[in-house]
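Enquirer: Provided below: target.txt, containing compact mmCIF, C-alpha atoms.
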```txt
# COMPACT_ATOMS: atom_id res chain seq x y z
CA MET A 576 -33.90 25.78 -5.90
CA SER A 577 -34.54 24.19 -2.54
CA THR A 578 -34.64 26.32 0.56
CA GLU A 579 -32.33 24.06 2.57
CA GLU A 580 -29.31 24.88 0.46
CA VAL A 581 -26.06 25.56 2.21
CA ASN A 582 -23.98 28.29 0.71
CA VAL A 583 -20.52 26.89 0.49
CA SER A 584 -18.21 29.77 -0.20
CA SER A 585 -14.81 28.12 -0.28
CA VAL A 586 -13.51 24.61 -0.85
CA LYS A 587 -9.83 23.77 -0.62
CA VAL A 588 -8.19 20.47 -1.50
CA LEU A 589 -4.90 19.89 0.28
CA GLY A 590 -2.45 17.60 -1.47
CA THR A 591 0.88 17.56 -3.22
CA GLY A 592 -0.56 16.63 -6.58
CA CYS A 593 -1.06 12.88 -6.27
CA ALA A 594 -3.60 11.04 -8.41
CA ASN A 595 -6.13 10.87 -5.56
CA CYS A 596 -5.87 14.62 -4.99
CA LYS A 597 -6.73 15.38 -8.61
CA ALA A 598 -9.58 12.87 -8.51
CA THR A 599 -10.90 14.54 -5.36
CA VAL A 600 -10.92 17.97 -7.01
CA ARG A 601 -12.80 16.56 -10.00
CA LEU A 602 -15.32 14.75 -7.79
CA ILE A 603 -16.10 17.86 -5.73
CA GLU A 604 -16.56 20.03 -8.80
CA GLU A 605 -18.80 17.40 -10.36
CA VAL A 606 -20.98 17.03 -7.25
CA ALA A 607 -21.20 20.82 -6.84
CA ARG A 608 -22.32 21.19 -10.45
CA ALA A 609 -24.88 18.41 -10.04
CA LYS A 610 -26.23 20.21 -6.99
CA GLY A 611 -26.60 23.32 -9.09
CA ARG A 612 -24.07 25.24 -7.05
CA PRO A 613 -20.74 25.20 -8.84
CA VAL A 614 -17.77 26.15 -6.67
CA THR A 615 -14.18 26.89 -7.51
CA VAL A 616 -12.00 24.40 -5.74
CA GLU A 617 -8.73 25.86 -4.59
CA LYS A 618 -5.77 23.51 -4.71
CA VAL A 619 -3.26 23.87 -1.90
CA GLU A 620 -0.11 22.11 -3.08
CA ASP A 621 2.66 23.66 -1.03
CA ILE A 622 3.61 21.29 1.77
CA GLN A 623 4.16 24.08 4.31
CA ASP A 624 0.68 25.43 3.64
CA ILE A 625 -0.81 21.94 3.82
CA MET A 626 0.79 21.28 7.19
CA LYS A 627 -0.84 24.37 8.70
CA TYR A 628 -4.04 22.33 8.71
CA GLY A 629 -2.43 19.54 10.72
CA ILE A 630 -3.67 16.63 8.62
CA LEU A 631 -1.75 13.34 8.55
CA SER A 632 -2.79 12.02 5.19
CA THR A 633 -3.70 13.60 1.89
CA PRO A 634 -5.84 14.57 0.10
CA GLY A 635 -7.46 16.73 2.76
CA VAL A 636 -10.60 18.75 2.13
CA VAL A 637 -11.37 22.07 3.84
CA VAL A 638 -14.89 23.51 3.49
CA ASP A 639 -15.31 27.06 4.77
CA GLY A 640 -12.26 26.73 6.97
CA THR A 641 -13.16 23.36 8.55
CA ILE A 642 -11.34 20.14 7.78
CA VAL A 643 -14.02 17.72 6.63
CA HIS A 644 -11.90 14.93 5.20
CA ALA A 645 -8.34 13.55 5.22
CA GLY A 646 -6.83 10.59 3.42
CA GLY A 647 -7.92 8.97 0.18
CA LEU A 648 -10.67 9.75 -2.25
CA PRO A 649 -13.80 10.72 -0.25
CA PRO A 650 -16.94 8.65 -0.97
CA ARG A 651 -19.46 10.46 -3.15
CA ALA A 652 -22.11 10.46 -0.41
CA LYS A 653 -19.67 12.25 1.89
CA VAL A 654 -18.98 14.92 -0.74
CA GLU A 655 -22.71 15.40 -1.28
CA SER A 656 -23.21 15.92 2.45
CA TRP A 657 -20.96 19.01 2.32
CA PHE A 658 -23.43 20.68 0.02
CA THR A 659 -26.66 19.77 1.81
CA ASP A 660 -27.84 20.31 5.31
CA MET B 105 -44.13 -3.78 -9.34
CA VAL B 106 -40.63 -4.99 -8.51
CA ASN B 107 -39.55 -8.01 -10.42
CA PRO B 108 -38.38 -10.95 -8.28
CA ALA B 109 -34.87 -11.09 -9.72
CA GLU B 110 -34.25 -7.43 -8.98
CA ASP B 111 -35.70 -7.96 -5.54
CA LEU B 112 -33.28 -10.80 -4.87
CA VAL B 113 -30.29 -8.76 -6.04
CA HIS B 114 -31.42 -5.91 -3.83
CA THR B 115 -31.74 -8.23 -0.82
CA ILE B 116 -28.27 -9.65 -1.38
CA LEU B 117 -26.73 -6.20 -1.79
CA THR B 118 -28.14 -5.04 1.53
CA ILE B 119 -26.82 -8.00 3.54
CA PRO B 120 -23.41 -6.42 4.30
CA ARG B 121 -25.23 -3.37 5.72
CA LEU B 122 -28.08 -5.03 7.60
CA ARG B 123 -26.51 -8.35 8.62
CA PRO B 124 -22.75 -7.72 8.67
CA ARG B 125 -21.92 -10.90 10.65
CA VAL B 126 -23.98 -13.11 8.35
CA PHE B 127 -22.24 -11.48 5.41
CA LEU B 128 -18.75 -12.06 6.80
CA VAL B 129 -19.33 -15.73 7.61
CA SER B 130 -21.01 -16.58 4.30
CA ALA B 131 -18.51 -14.57 2.25
CA GLY B 132 -15.68 -16.36 4.06
CA LEU B 133 -17.19 -19.78 3.31
CA LEU B 134 -17.85 -18.91 -0.32
CA TRP B 135 -14.32 -17.61 -0.68
CA PHE B 136 -12.86 -20.80 0.78
CA ALA B 137 -15.03 -23.02 -1.45
CA ALA B 138 -13.99 -21.05 -4.55
CA TYR B 139 -10.34 -21.33 -3.55
CA GLN B 140 -10.64 -25.11 -3.14
CA ALA B 141 -12.43 -25.47 -6.48
CA LEU B 142 -9.75 -23.67 -8.51
CA ALA B 143 -7.34 -26.54 -9.10
CA PRO B 144 -9.97 -29.11 -10.29
CA LEU B 145 -11.60 -26.41 -12.43
CA ALA B 146 -8.31 -25.49 -14.10
CA ASP B 147 -7.62 -29.20 -14.76
CA ALA B 148 -11.07 -29.71 -16.23
CA LEU B 149 -10.69 -26.65 -18.45
CA VAL B 150 -7.32 -27.76 -19.78
CA THR B 151 -8.63 -31.23 -20.74
CA THR B 152 -11.30 -29.61 -22.91
CA LEU B 153 -8.65 -27.73 -24.90
CA PRO B 154 -7.26 -29.24 -28.10
CA VAL B 155 -3.72 -29.63 -26.73
CA ALA B 156 -1.97 -32.85 -25.80
CA SER B 157 -2.21 -33.41 -22.06
CA GLY B 158 1.17 -33.38 -20.34
CA SER B 159 2.69 -31.34 -23.16
CA HIS B 160 4.62 -28.19 -22.39
CA LEU B 161 1.87 -25.99 -23.82
CA ALA B 162 -0.79 -27.72 -21.71
CA GLU B 163 1.32 -27.18 -18.59
CA THR B 164 1.79 -23.50 -19.43
CA ILE B 165 -1.93 -23.00 -19.97
CA ARG B 166 -2.80 -24.88 -16.79
CA PHE B 167 -0.32 -22.76 -14.82
CA PHE B 168 -1.92 -19.60 -16.16
CA LEU B 169 -5.52 -20.77 -15.68
CA TYR B 170 -4.86 -21.86 -12.11
CA ASP B 171 -2.50 -19.17 -10.86
CA THR B 172 -4.33 -16.11 -12.17
CA PRO B 173 -7.64 -16.70 -10.34
CA LYS B 174 -5.76 -18.08 -7.34
CA VAL B 175 -3.64 -14.96 -6.87
CA LEU B 176 -6.52 -12.58 -7.62
CA LEU B 177 -8.77 -14.43 -5.16
CA LEU B 178 -6.06 -14.38 -2.49
CA LEU B 179 -5.46 -10.70 -3.12
CA THR B 180 -9.16 -9.81 -2.93
CA GLY B 181 -9.58 -11.74 0.33
CA VAL B 182 -6.48 -10.31 1.96
CA VAL B 183 -7.15 -6.72 0.81
CA MET B 184 -10.75 -6.95 2.05
CA VAL B 185 -9.64 -8.15 5.50
CA MET B 186 -6.79 -5.63 5.62
CA GLY B 187 -9.17 -2.85 4.61
CA MET B 188 -11.30 -3.73 7.62
CA ILE B 189 -8.26 -3.99 9.91
CA ASN B 190 -6.96 -0.67 8.54
CA SER B 191 -10.14 1.00 9.71
CA TYR B 192 -9.05 0.36 13.31
CA PHE B 193 -5.57 1.77 12.77
CA THR B 194 -5.93 5.27 11.40
CA PRO B 195 -2.70 7.29 11.13
CA GLU B 196 -4.05 9.54 13.91
CA ARG B 197 -4.44 6.62 16.29
CA THR B 198 -1.05 5.17 15.37
CA ARG B 199 0.48 8.54 16.17
CA VAL B 200 -1.12 8.52 19.62
CA MET B 201 0.31 5.05 20.26
CA LEU B 202 3.82 6.08 19.21
CA ALA B 203 4.06 9.55 20.75
CA GLY B 204 6.65 9.69 23.51
CA ARG B 205 7.67 6.01 23.17
CA SER B 206 11.20 5.07 24.12
CA GLU B 207 13.59 3.76 21.50
CA GLY B 208 13.72 0.01 21.04
CA VAL B 209 10.15 -0.89 22.00
CA GLY B 210 8.98 2.12 20.02
CA ASN B 211 10.86 1.03 16.90
CA VAL B 212 9.36 -2.47 17.07
CA MET B 213 5.87 -1.05 17.56
CA ALA B 214 6.32 1.44 14.74
CA ALA B 215 7.47 -1.26 12.30
CA LEU B 216 4.51 -3.49 13.23
CA LEU B 217 2.02 -0.62 13.02
CA GLY B 218 3.48 0.13 9.60
CA ILE B 219 1.91 -3.11 8.36
CA VAL B 220 -1.63 -2.36 9.52
CA THR B 221 -1.85 1.43 9.15
CA PRO B 222 -3.11 2.50 5.73
CA PHE B 223 -0.32 4.33 3.95
CA CYS B 224 0.11 5.98 0.61
CA SER B 225 3.53 7.27 -0.37
CA CYS B 226 1.96 10.57 -1.39
CA SER B 227 1.09 11.09 2.29
CA ALA B 228 4.63 10.38 3.49
CA VAL B 229 5.49 14.02 4.16
CA PRO B 230 2.37 15.09 6.08
CA LEU B 231 2.64 11.88 8.09
CA PHE B 232 6.32 12.46 8.82
CA ILE B 233 5.77 16.02 10.02
CA GLY B 234 2.62 15.12 11.94
CA PHE B 235 4.48 12.37 13.82
CA VAL B 236 7.54 14.47 14.66
CA GLN B 237 5.40 17.43 15.68
CA ALA B 238 3.42 15.32 18.12
CA GLY B 239 6.56 14.04 19.82
CA VAL B 240 7.12 10.71 18.09
CA PRO B 241 10.93 10.32 18.24
CA LEU B 242 12.71 10.70 14.88
CA GLY B 243 14.08 7.15 14.76
CA ILE B 244 10.67 5.67 15.56
CA THR B 245 9.08 7.80 12.84
CA PHE B 246 11.63 6.37 10.40
CA SER B 247 10.90 2.79 11.48
CA PHE B 248 7.28 3.45 10.56
CA LEU B 249 8.12 5.18 7.28
CA ILE B 250 10.37 2.31 6.18
CA SER B 251 8.02 -0.48 7.18
CA ALA B 252 4.76 1.02 5.88
CA PRO B 253 5.52 0.93 2.16
CA MET B 254 7.90 -2.05 2.18
CA VAL B 255 5.96 -4.55 4.29
CA ASN B 256 2.49 -4.33 2.84
CA GLU B 257 -0.29 -6.82 2.27
CA VAL B 258 -0.06 -6.68 -1.53
CA ALA B 259 3.65 -7.59 -1.59
CA LEU B 260 3.16 -10.34 0.98
CA THR B 261 0.11 -11.85 -0.73
CA LEU B 262 1.77 -11.90 -4.13
CA LEU B 263 4.93 -13.46 -2.72
CA PHE B 264 2.82 -16.05 -0.92
CA GLY B 265 0.66 -16.81 -3.94
CA LEU B 266 3.54 -17.14 -6.39
CA PHE B 267 6.49 -18.38 -4.34
CA GLY B 268 4.97 -19.91 -1.21
CA TRP B 269 4.81 -19.04 2.48
CA ARG B 270 8.55 -19.43 3.07
CA VAL B 271 9.48 -16.57 0.76
CA ALA B 272 6.60 -14.43 2.04
CA GLY B 273 7.54 -15.14 5.66
CA LEU B 274 11.19 -14.31 5.06
CA TYR B 275 10.25 -11.08 3.32
CA LEU B 276 8.02 -10.13 6.26
CA ALA B 277 10.64 -10.93 8.90
CA LEU B 278 13.49 -9.23 7.04
CA GLY B 279 11.44 -6.17 6.08
CA LEU B 280 10.45 -5.66 9.72
CA THR B 281 14.05 -6.19 10.87
CA ILE B 282 15.36 -3.58 8.45
CA ALA B 283 12.68 -1.09 9.53
CA ILE B 284 13.38 -1.66 13.24
CA VAL B 285 17.19 -1.60 13.03
CA ALA B 286 17.46 1.24 10.49
CA GLY B 287 15.05 3.40 12.53
CA TRP B 288 16.97 2.64 15.69
CA VAL B 289 20.31 3.55 14.09
CA ILE B 290 18.90 6.83 12.72
CA GLY B 291 17.46 7.59 16.16
CA ARG B 292 20.84 6.93 17.85
CA ALA B 293 22.55 9.25 15.37
CA ARG B 294 20.60 12.16 16.93
CA MET B 295 19.87 13.91 13.68
CA GLU B 296 17.01 16.15 14.75
CA ALA B 297 19.09 19.16 13.69
CA TYR B 298 19.00 17.90 10.11
CA LEU B 299 15.29 18.37 9.72
CA GLU B 300 14.58 21.40 7.55
CA ASP B 301 14.37 24.57 9.64
CA TRP B 302 10.70 25.21 9.00
CA VAL B 303 9.90 21.72 10.29
CA GLN B 304 11.88 22.32 13.48
CA GLN B 305 10.11 25.64 13.98
CA MET B 306 6.63 24.20 13.70
CA PRO B 307 4.71 24.40 16.96
CA LYS B 308 4.54 21.15 18.89
CA SER B 309 1.12 19.62 18.77
CA HIS B 310 -0.61 17.28 21.11
CA ALA B 311 -1.53 13.89 19.72
CA ALA B 312 -5.15 13.62 20.73
CA GLU B 313 -7.09 10.36 20.71
CA VAL B 314 -9.59 10.47 17.92
CA SER B 315 -13.11 9.26 18.42
CA ASP B 316 -14.10 6.42 16.20
CA ALA B 317 -17.71 5.45 15.89
CA MET B 318 -17.51 2.91 13.10
CA THR B 319 -19.89 -0.01 13.06
CA LEU B 320 -18.99 -3.42 11.69
CA ALA B 321 -20.98 -2.54 8.57
CA ASP B 322 -18.87 0.60 8.13
CA ARG B 323 -15.71 -1.48 8.37
CA ILE B 324 -17.07 -3.87 5.73
CA ASP B 325 -17.65 -0.81 3.54
CA ALA B 326 -14.06 0.23 4.18
CA GLY B 327 -12.95 -3.26 3.13
CA PHE B 328 -14.95 -3.00 -0.11
CA ALA B 329 -13.45 0.43 -0.75
CA SER B 330 -9.90 -0.88 -0.46
CA VAL B 331 -10.71 -3.86 -2.70
CA ARG B 332 -11.99 -1.42 -5.34
CA GLU B 333 -9.01 0.84 -4.96
CA ILE B 334 -6.17 -1.69 -4.60
CA VAL B 335 -7.32 -4.76 -6.53
CA GLY B 336 -8.79 -2.43 -9.16
CA LYS B 337 -5.35 -0.93 -9.69
CA VAL B 338 -3.20 -3.99 -9.29
CA TRP B 339 -4.93 -6.73 -11.29
CA PRO B 340 -3.32 -5.97 -14.69
CA TYR B 341 0.15 -6.32 -13.13
CA VAL B 342 -0.83 -9.63 -11.60
CA ILE B 343 -2.03 -11.01 -14.92
CA ILE B 344 1.04 -9.73 -16.76
CA GLY B 345 3.27 -11.16 -14.03
CA ILE B 346 1.70 -14.59 -14.24
CA ALA B 347 1.67 -14.55 -18.03
CA VAL B 348 5.37 -13.65 -18.05
CA GLY B 349 6.02 -16.41 -15.56
CA ALA B 350 4.03 -18.94 -17.58
CA ALA B 351 5.65 -17.95 -20.86
CA ILE B 352 9.29 -17.85 -19.85
CA HIS B 353 9.25 -21.18 -18.06
CA GLY B 354 10.16 -22.83 -21.31
CA TYR B 355 11.29 -20.20 -23.74
CA VAL B 356 14.29 -18.53 -22.10
CA PRO B 357 17.37 -20.63 -21.27
CA GLU B 358 17.18 -21.80 -17.68
CA ALA B 359 20.50 -20.34 -16.53
CA PHE B 360 20.21 -17.06 -18.44
CA MET B 361 20.20 -14.90 -15.31
CA ALA B 362 22.34 -17.21 -13.20
CA ARG B 363 25.60 -15.72 -14.41
CA LEU B 364 24.41 -12.14 -13.87
CA MET B 365 22.33 -12.49 -10.72
CA GLY B 366 23.25 -15.92 -9.38
CA ARG B 367 24.72 -16.36 -5.95
CA GLU B 368 28.28 -16.72 -7.25
CA ALA B 369 28.28 -13.17 -8.55
CA TRP B 370 29.07 -11.25 -5.33
CA TRP B 371 28.59 -7.87 -6.96
CA SER B 372 25.07 -8.66 -8.05
CA VAL B 373 23.49 -7.70 -4.70
CA PRO B 374 24.84 -4.12 -4.55
CA LEU B 375 24.18 -3.76 -8.27
CA SER B 376 20.53 -4.81 -7.80
CA VAL B 377 20.10 -2.31 -4.96
CA LEU B 378 21.60 0.49 -7.09
CA ILE B 379 19.40 -0.36 -10.08
CA GLY B 380 16.40 -0.45 -7.76
CA ILE B 381 16.78 3.10 -6.39
CA PRO B 382 15.77 5.15 -9.46
CA MET B 383 12.95 2.70 -10.21
CA TYR B 384 9.62 3.59 -8.76
CA ALA B 385 6.99 0.90 -8.77
CA ASN B 386 4.50 -0.56 -6.38
CA ALA B 387 4.81 -4.10 -5.11
CA ALA B 388 2.49 -5.39 -7.81
CA GLY B 389 4.38 -3.76 -10.65
CA ILE B 390 7.64 -5.32 -9.55
CA ILE B 391 6.30 -8.87 -9.19
CA PRO B 392 6.43 -9.74 -12.92
CA ILE B 393 10.11 -8.82 -12.97
CA VAL B 394 10.79 -10.76 -9.79
CA GLU B 395 9.05 -13.79 -11.21
CA ALA B 396 11.00 -13.60 -14.47
CA LEU B 397 14.36 -13.17 -12.71
CA LEU B 398 13.81 -15.98 -10.21
CA SER B 399 12.71 -18.55 -12.73
CA LYS B 400 15.84 -17.90 -14.77
CA GLY B 401 18.29 -18.72 -12.06
CA ALA B 402 18.75 -15.40 -10.28
CA ALA B 403 19.46 -15.95 -6.59
CA LEU B 404 16.55 -15.31 -4.21
CA GLY B 405 18.52 -12.94 -1.96
CA THR B 406 19.56 -10.81 -4.91
CA VAL B 407 16.00 -10.62 -6.21
CA LEU B 408 14.52 -9.75 -2.80
CA ALA B 409 17.18 -7.06 -2.33
CA PHE B 410 16.20 -5.64 -5.70
CA MET B 411 12.50 -5.69 -4.78
CA MET B 412 13.09 -4.01 -1.41
CA SER B 413 15.27 -1.37 -2.99
CA VAL B 414 12.65 -0.51 -5.60
CA ILE B 415 9.91 -0.20 -2.98
CA ALA B 416 11.75 1.32 -0.01
CA LEU B 417 14.38 3.53 -1.65
CA SER B 418 12.85 5.37 -4.53
CA LEU B 419 14.22 8.52 -6.06
CA PRO B 420 10.83 10.29 -6.40
CA GLU B 421 10.17 9.68 -2.71
CA MET B 422 13.60 11.12 -1.84
CA ILE B 423 12.73 14.26 -3.78
CA ILE B 424 9.52 14.61 -1.76
CA LEU B 425 11.29 13.91 1.53
CA ARG B 426 13.97 16.48 0.63
CA LYS B 427 11.39 19.17 1.44
CA VAL B 428 11.53 18.17 5.10
CA LEU B 429 14.99 16.60 5.50
CA LYS B 430 18.39 18.20 4.99
CA PRO B 431 20.71 16.36 2.57
CA ARG B 432 22.76 14.81 5.36
CA LEU B 433 19.71 13.10 6.89
CA ILE B 434 18.55 11.88 3.47
CA ALA B 435 22.04 10.48 2.84
CA THR B 436 22.01 8.75 6.23
CA PHE B 437 18.57 7.30 5.49
CA ILE B 438 19.69 5.89 2.13
CA ALA B 439 22.95 4.57 3.58
CA VAL B 440 21.33 2.85 6.56
CA VAL B 441 18.39 1.32 4.68
CA GLY B 442 20.61 0.42 1.71
CA SER B 443 23.09 -1.39 3.99
CA GLY B 444 20.21 -3.26 5.62
CA ILE B 445 18.96 -4.44 2.23
CA LEU B 446 22.51 -5.44 1.19
CA ILE B 447 22.89 -7.56 4.32
CA VAL B 448 19.51 -9.20 3.68
CA GLY B 449 20.56 -10.03 0.13
CA TYR B 450 23.86 -11.58 1.18
CA VAL B 451 22.40 -13.49 4.14
CA PHE B 452 19.66 -14.93 1.95
CA ASN B 453 22.08 -16.02 -0.73
CA ALA B 454 24.37 -17.60 1.85
CA VAL B 455 21.65 -19.45 3.77
CA LEU B 456 19.38 -20.73 1.04
```
Could you write out this structure as structure tokens?
Expert:
Amino acid sequence: MSTEEVNVSSVKVLGTGCANCKATVRLIEEVARAKGRPVTVEKVEDIQDIMKYGILSTPGVVVDGTIVHAGGLPPRAKVESWFTD
Amino acid sequence: MVNPAEDLVHTILTIPRLRPRVFLVSAGLLWFAAYQALAPLADALVTTLPVASGSHLAETIRFFLYDTPKVLLLLTGVVMVMGMINSYFTPERTRVMLAGRSEGVGNVMAALLGIVTPFCSCSAVPLFIGFVQAGVPLGITFSFLISAPMVNEVALTLLFGLFGWRVAGLYLALGLTIAIVAGWVIGRARMEAYLEDWVQQMPKSHAAEVSDAMTLADRIDAGFASVREIVGKVWPYVIIGIAVGAAIHGYVPEAFMARLMGREAWWSVPLSVLIGIPMYANAAGIIPIVEALLSKGAALGTVLAFMMSVIALSLPEMIILRKVLKPRLIATFIAVVGSGILIVGYVFNAVL
């Protein structure tokens, strides 16, 4: 394993269960596996919980407590950047 | 050793990134040339087929061969440009522009921004709360929420491609009018107390300007992304719609729908709106039906009312909105928007 690995401990996908939200969850899990660091993606589907993060469009992605993406399926390169420094 | 063909492909693929302006100009020219070439190409193709020229079958085939690439080409061009325009109007920026606006001007702005701000109905609730929380007045928020799904580039392009600029222009003008007036009426009704309690109790937030460091190349990427997402999803509906249109031109009696949905049947407008509410389809999915109805003698106003009702008043969306709105506000929303659509239907039928 490379030494520059970032230890992502929690990934949350915020969304009410639309097609893009499910695709986002799948994409993140796939990228994480490919990077050799599988994570469990937590789905936040309750609208009141989602709104605590203050995003305007879904799906939103929260990595270790920081919002890194909101609105639409994130590009693969962007997802990869969450797992590398 | 790189082979020359691969090298060429690689060079072409990097143009949008490295030379965005060159890409835009040459893609625009190519697009225009392809669009001009469609009609002669379709004619040439039809003459090579073993069908009598001028026959009904030949006409049907020509219609299909010309209209399918025409509409798909139009759609790709428009979605590409709108994807780039969308990248300037993020929901965050739109919220900043609308926060604290007065009614009237604010409703007009919200309806117009609804056209250019990217919107997915699954984001309706976060958007709604985010707007209200940041001090966008309720009525102005509604103007945006009505306009965004109803007046969108896919609906307008398909209407333009299949029925001409008059129908598309009327749809645009009437959709905006409904969004502006309905939002204004809801705002006047002072219904802030009919937001769900947890929404009212949410802390007010400040709509901060978001930094945006996109280059032209990034915007071109955004355009490509929306072409992949939207055209990739919509093309089967377009082909089905055109095939239905081509097929029924001759095979269903011309006045089949005229009795049910013609302009003489006064009850057809409210009936169309009612039928439209439980249906949930995007603009592309509804176009085949619109095409079929129109060509069989249904009145234009009735058909447009049906289309608007399907897109703007959908039951699944009501169920989602119910989480943030109390029943009385939902009922007001349906009543106001529904009346607007009814008026549009009747006015259209009377004028045209």
Enquirer: Could you check the closest approach to chain A for each of B:Ser443, B:Thr194, B:Ser413, B:Ser247 and tell me which residue wins, using only C-alpha atoms?
Expert: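 Going through B:Ser443, B:Thr194, B:Ser413, B:Ser247 one by one, the smallest distance to chain A is for B:Thr194.
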Enquirer: Between B:Pro307, B:Pro124, B:Gly389, B:Gly208, which has the minimum distance to chain A (counting all atoms listed in the file)?
Expert: B:Pro307
Enquirer: Just the number, please: distance in Å from CA of Gly444 in chain B to CA of Ile233 in chain B, one decimal.
Expert: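 Here the two named atoms are 24.5 Å from each other.
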Enquirer: Using only C-alpha atoms, which of the listed residues (B:Met412, B:Leu133, B:Ile244, B:Leu169) sits closest to Ala148 in chain B?
Expert: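 For Ala148 in chain B, the nearest of the candidates is B:Leu169.
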Enquirer: Give me, as number ranges by chain, the residues of chain A touching chain B, with the criterion being at most 6 Å (counting only C-alpha atoms).
Expert: A: 631-633
Enquirer: Identify, on the basis of only C-alpha atoms, every residue whose closest approach to range 609-626 of chain A does not exceed 9 Å; exclude the query and any residue fewer than 6 positions from it along the same chain; express the result as a PyMOL selection string.
Expert: (chain A and resi 576+582-592+596+600-601+603+635+655+658-659) or (chain B and resi 229-230+233-234+302-303+427)
Enquirer: At a cut-off of 10 Å from (17.5, -1.3, 10.8) in the coordinates of the file, what residues are picked up using all atoms listed in the file, written as a PDB file with C-alpha atoms, in the coordinates of the input?
Expert:
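The resulting file, part-v2.pdb, is shown below:
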```
ATOM      1  CA  ASN B 211      10.860   1.030  16.900  1.00  0.00           C
ATOM      2  CA  GLY B 243      14.080   7.150  14.760  1.00  0.00           C
ATOM      3  CA  PHE B 246      11.630   6.370  10.400  1.00  0.00           C
ATOM      4  CA  SER B 247      10.900   2.790  11.480  1.00  0.00           C
ATOM      5  CA  ILE B 250      10.370   2.310   6.180  1.00  0.00           C
ATOM      6  CA  LEU B 278      13.490  -9.230   7.040  1.00  0.00           C
ATOM      7  CA  GLY B 279      11.440  -6.170   6.080  1.00  0.00           C
ATOM      8  CA  LEU B 280      10.450  -5.660   9.720  1.00  0.00           C
ATOM      9  CA  THR B 281      14.050  -6.190  10.870  1.00  0.00           C
ATOM     10  CA  ILE B 282      15.360  -3.580   8.450  1.00  0.00           C
ATOM     11  CA  ALA B 283      12.680  -1.090   9.530  1.00  0.00           C
ATOM     12  CA  ILE B 284      13.380  -1.660  13.240  1.00  0.00           C
ATOM     13  CA  VAL B 285      17.190  -1.600  13.030  1.00  0.00           C
ATOM     14  CA  ALA B 286      17.460   1.240  10.490  1.00  0.00           C
ATOM     15  CA  GLY B 287      15.050   3.400  12.530  1.00  0.00           C
ATOM     16  CA  TRP B 288      16.970   2.640  15.690  1.00  0.00           C
ATOM     17  CA  VAL B 289      20.310   3.550  14.090  1.00  0.00           C
ATOM     18  CA  ILE B 290      18.900   6.830  12.720  1.00  0.00           C
ATOM     19  CA  VAL B 440      21.330   2.850   6.560  1.00  0.00           C
ATOM     20  CA  VAL B 441      18.390   1.320   4.680  1.00  0.00           C
ATOM     21  CA  GLY B 442      20.610   0.420   1.710  1.00  0.00           C
ATOM     22  CA  SER B 443      23.090  -1.390   3.990  1.00  0.00           C
ATOM     23  CA  GLY B 444      20.210  -3.260   5.620  1.00  0.00           C
ATOM     24  CA  ILE B 445      18.960  -4.440   2.230  1.00  0.00           C
TER      25      ILE B 445
END
```
Enquirer: Which one is closest to Ala214 in chain B: B:Gly239, B:Val185, B:Lys430, B:Ala252? Count only C-alpha atoms.
Expert: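 Using only C-alpha atoms, Ala214 in chain B sits closest to B:Ala252.
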Enquirer: At what distance in Å, to one decimal, does CA of Phe328 in chain B lie from CA of Arg121 in chain B?
Expert: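 Value for the CA of Arg121 in chain B-CA of Phe328 in chain B distance: 11.8 Å.
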Enquirer: From (14.7, 11.8, 1.4), in the file's coordinates, out to 12 Å: which residues are reached, counting all atoms listed in the file? Answer as a PyMOL selection string.
Expert: chain B and resi 228-229+232+246+249-250+298-300+381+416-439+441
Enquirer: As a VMD selection string, please: the residues near range 647-654 of chain A (cut-off 7 Å, only C-alpha atoms, same-chain neighbours under 2 positions excluded).
Expert: chain A and resid 595 599 603 633 to 634 645 656 to 657
